[in-house]
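Visitor: This is work31.cif (mmCIF, C-alpha atoms).
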data_run
loop_
_atom_site.label_atom_id
_atom_site.label_comp_id
_atom_site.auth_asym_id
_atom_site.auth_seq_id
_atom_site.Cartn_x
_atom_site.Cartn_y
_atom_site.Cartn_z
CA MET A 1 -55.67 9.96 -4.33
CA SER A 2 -54.31 6.82 -5.94
CA ILE A 3 -51.41 6.53 -8.36
CA PRO A 4 -52.27 4.75 -11.61
CA ALA A 5 -50.72 1.29 -11.94
CA PHE A 6 -48.72 2.37 -15.02
CA SER A 7 -47.10 5.25 -13.04
CA LYS A 8 -46.16 2.83 -10.24
CA VAL A 9 -44.43 0.55 -12.75
CA LYS A 10 -42.65 3.53 -14.34
CA PHE A 11 -41.50 4.73 -10.90
CA MET A 12 -40.23 1.24 -10.01
CA CYS A 13 -38.28 1.13 -13.29
CA VAL A 14 -36.64 4.48 -12.51
CA VAL A 15 -35.71 3.29 -9.00
CA ALA A 16 -34.31 0.04 -10.43
CA LEU A 17 -32.25 1.93 -13.03
CA ALA A 18 -30.90 4.31 -10.39
CA SER A 19 -29.92 1.33 -8.23
CA VAL A 20 -28.09 -0.25 -11.15
CA GLY A 21 -26.26 3.05 -11.75
CA ILE A 22 -25.16 3.24 -8.11
CA ALA A 23 -24.05 -0.39 -8.17
CA THR A 24 -22.13 0.20 -11.40
CA ALA A 25 -20.42 3.27 -9.93
CA ALA A 26 -19.48 1.28 -6.83
CA CYS A 27 -18.06 -1.52 -9.00
CA ASN A 28 -16.08 0.97 -11.07
CA THR A 29 -14.65 2.54 -7.89
CA LEU A 30 -13.78 -0.89 -6.51
CA LYS A 31 -12.13 -1.84 -9.81
CA ALA A 32 -10.07 1.37 -9.88
CA THR A 33 -8.93 0.79 -6.29
CA THR A 34 -8.13 -2.85 -7.00
CA ASP A 35 -6.23 -1.97 -10.18
CA THR A 36 -4.14 0.61 -8.32
CA THR A 37 -3.37 -1.86 -5.53
CA VAL A 38 -2.41 -4.60 -8.00
CA LYS A 39 -0.15 -2.20 -9.93
CA PHE A 40 1.46 -1.08 -6.67
CA PHE A 41 2.16 -4.60 -5.47
CA SER A 42 3.40 -5.69 -8.88
CA SER A 43 6.14 -3.07 -8.53
CA THR A 44 7.49 -4.84 -5.45
CA SER A 45 8.55 -8.40 -4.86
CA PRO A 46 5.97 -10.05 -2.55
CA GLY A 47 8.51 -12.43 -1.01
CA SER A 48 10.63 -9.52 0.18
CA MET A 49 7.74 -7.72 1.86
CA LEU A 50 7.39 -10.00 4.88
CA THR A 51 9.64 -11.20 7.65
CA ALA A 52 9.85 -14.89 8.53
CA ASP A 53 7.09 -14.42 11.11
CA GLY A 54 4.75 -12.75 8.61
CA MET A 55 5.28 -9.12 9.62
CA VAL A 56 5.82 -6.39 7.03
CA GLU A 57 9.52 -5.52 6.64
CA GLN A 58 10.41 -2.02 7.89
CA LYS A 59 11.63 -0.91 4.45
CA GLN A 60 8.38 -2.14 2.93
CA LYS A 61 6.36 -0.16 5.50
CA VAL A 62 8.11 2.96 4.20
CA ASN A 63 7.48 1.90 0.58
CA LEU A 64 3.81 1.13 1.22
CA PHE A 65 3.26 4.40 3.07
CA ALA A 66 4.98 6.41 0.33
CA GLY A 67 2.84 4.71 -2.32
CA VAL A 68 -0.44 5.30 -0.51
CA ALA A 69 0.37 8.85 0.62
CA PHE A 70 2.45 9.98 -2.36
CA GLU A 71 0.44 13.07 -3.31
CA ASN A 72 0.07 14.13 0.33
CA LEU A 73 3.82 13.68 0.80
CA ARG A 74 4.43 15.80 -2.28
CA GLN A 75 2.40 18.61 -0.72
CA ASP A 76 4.00 18.30 2.71
CA VAL A 77 7.52 18.29 1.24
CA ALA A 78 6.72 21.36 -0.87
CA GLN A 79 5.43 23.13 2.27
CA GLY A 80 8.35 22.01 4.41
CA GLY A 81 6.26 20.03 6.86
CA GLY A 82 2.98 18.38 7.64
CA PRO A 83 1.49 15.18 9.04
CA TYR A 84 2.49 12.96 6.11
CA LEU A 85 6.09 14.12 6.14
CA THR A 86 6.19 13.62 9.92
CA SER A 87 4.80 10.10 9.48
CA LEU A 88 7.45 9.34 6.86
CA ALA A 89 10.15 10.59 9.23
CA VAL A 90 8.82 8.33 12.00
CA LEU A 91 8.72 5.32 9.66
CA MET A 92 12.26 6.11 8.55
CA LYS A 93 13.27 6.25 12.24
CA ILE A 94 14.38 9.89 12.11
CA PRO A 95 14.75 10.99 15.77
CA SER A 96 12.05 13.43 16.84
CA ASP A 97 14.61 16.14 17.66
CA ARG A 98 15.91 15.98 14.04
CA GLN A 99 12.58 15.89 12.20
CA GLY A 100 12.55 19.65 11.60
CA GLU A 101 15.98 19.36 10.00
CA PHE A 102 14.73 16.39 7.96
CA ALA A 103 11.74 18.44 6.75
CA ARG A 104 14.01 21.25 5.57
CA PHE A 105 16.38 18.71 3.99
CA VAL A 106 13.67 17.09 1.88
CA GLN A 107 12.06 20.43 1.03
CA ASP A 108 15.40 21.63 -0.39
CA ARG A 109 15.49 18.51 -2.55
CA TYR A 110 11.90 18.61 -3.77
CA PRO A 111 12.84 19.02 -7.47
CA VAL A 112 14.97 15.85 -7.48
CA LEU A 113 12.59 13.82 -5.29
CA PHE A 114 9.38 14.39 -7.21
CA THR A 115 10.19 14.03 -10.89
CA SER A 116 7.07 12.02 -11.79
CA ASP A 117 3.69 11.08 -10.37
CA LEU A 118 1.90 7.81 -9.70
CA ALA A 119 -0.63 8.42 -12.47
CA THR A 120 2.07 8.13 -15.13
CA ASP A 121 4.69 6.13 -13.24
CA HIS A 122 3.49 3.45 -10.84
CA ALA A 123 6.95 3.24 -9.28
CA ALA A 124 7.29 7.00 -8.66
CA HIS A 125 7.13 6.49 -4.89
CA LEU A 126 9.95 3.94 -5.01
CA LYS A 127 12.07 6.22 -7.19
CA MET A 128 11.45 9.12 -4.79
CA LEU A 129 12.55 6.98 -1.83
CA ALA A 130 15.65 5.74 -3.67
CA VAL A 131 16.70 9.33 -4.44
CA LEU A 132 15.98 10.33 -0.84
CA ASP A 133 18.17 7.48 0.43
CA ARG A 134 21.02 8.53 -1.89
CA GLU A 135 20.68 12.18 -0.88
CA MET A 136 20.71 11.28 2.82
CA GLU A 137 23.78 9.05 2.40
CA ALA A 138 25.62 11.81 0.51
CA HIS A 139 24.66 14.33 3.17
CA ASP A 140 25.87 12.02 5.97
CA ARG A 141 29.21 11.49 4.20
CA MET A 142 29.73 15.25 3.95
CA ASN A 143 29.06 15.85 7.67
#
What do you get writing this file as structure tokens?

Guide:
Amino acid sequence: MSIPAFSKVKFMCVVALASVGIATAACNTLKATTDTTVKFFSSTSPGSMLTADGMVEQKQKVNLFAGVAFENLRQDVAQGGGPYLTSLAVLMKIPSDRQGEFARFVQDRYPVLFTSDLATDHAAHLKMLAVLDREMEAHDRMN
């Protein structure tokens, strides 16, 4: 059984339109990712991100991680632990024998750490880290 020539053309048009739709969706996803990355990096000073030998500064590693994993960190902090909170502790050089204490510490301070989200405030991760630093300094002074 053969397919009429007109039906073949119609089928090819449908395939072509579907391909364009997939390509458009991919471009939109790429644009959204690029926009988010540009907004993130515009909230930090590029010159202060790298050491003289081109490595990412330790503080910037923490900032970058918090920006990329912000929502996962929010969940882990609310739960009092998890892989993202553990990773943050490692990046912040919290000794492994004190990471449980650190998890409880940040969980107790959840309301002051997470006052906004990245969707509405592109510097929310930096604000959260600044508050965390202040809270840790105050805690250290009291002990």

Visitor: Could you tell me which residues the PyMOL selection byres ((chain A and resi 62-67) around 9) grabs in this file, written as an MDAnalysis selection string?

Guide: chainID A and resid 40:41 57:61 68:71 73 87:88 91:92 118 122:126 128:129

Visitor: Give me the result of the PyMOL selection byres ((chain A and resi 78) around 9) on this file, residue by residue, as a PDB file with C-alpha atoms, keeping the file's coordinate frame.

Guide:
ATOM      1  CA  LEU A  73       3.820  13.680   0.800  1.00  0.00           C
ATOM      2  CA  ARG A  74       4.430  15.800  -2.280  1.00  0.00           C
ATOM      3  CA  GLN A  75       2.400  18.610  -0.720  1.00  0.00           C
ATOM      4  CA  ASP A  76       4.000  18.300   2.710  1.00  0.00           C
ATOM      5  CA  VAL A  77       7.520  18.290   1.240  1.00  0.00           C
ATOM      6  CA  GLN A  79       5.430  23.130   2.270  1.00  0.00           C
ATOM      7  CA  GLY A  80       8.350  22.010   4.410  1.00  0.00           C
ATOM      8  CA  GLY A  81       6.260  20.030   6.860  1.00  0.00           C
ATOM      9  CA  VAL A 106      13.670  17.090   1.880  1.00  0.00           C
ATOM     10  CA  GLN A 107      12.060  20.430   1.030  1.00  0.00           C
ATOM     11  CA  ASP A 108      15.400  21.630  -0.390  1.00  0.00           C
ATOM     12  CA  TYR A 110      11.900  18.610  -3.770  1.00  0.00           C
TER      13      TYR A 110
END

Visitor: By how many Å are atom CA of A:Leu132 and atom CA of A:Arg109 apart?

Guide: 8.4 Å

Visitor: What does the structure give for the distance between atom CA of A:Asn72 and atom CA of A:Val131, in Å to one decimal?

Guide: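 It comes out at 18.0 Å.
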
Visitor: In Å, how far is it from atom CA of A:Phe102 to atom CA of A:Asp133?

Guide: 12.2 Å
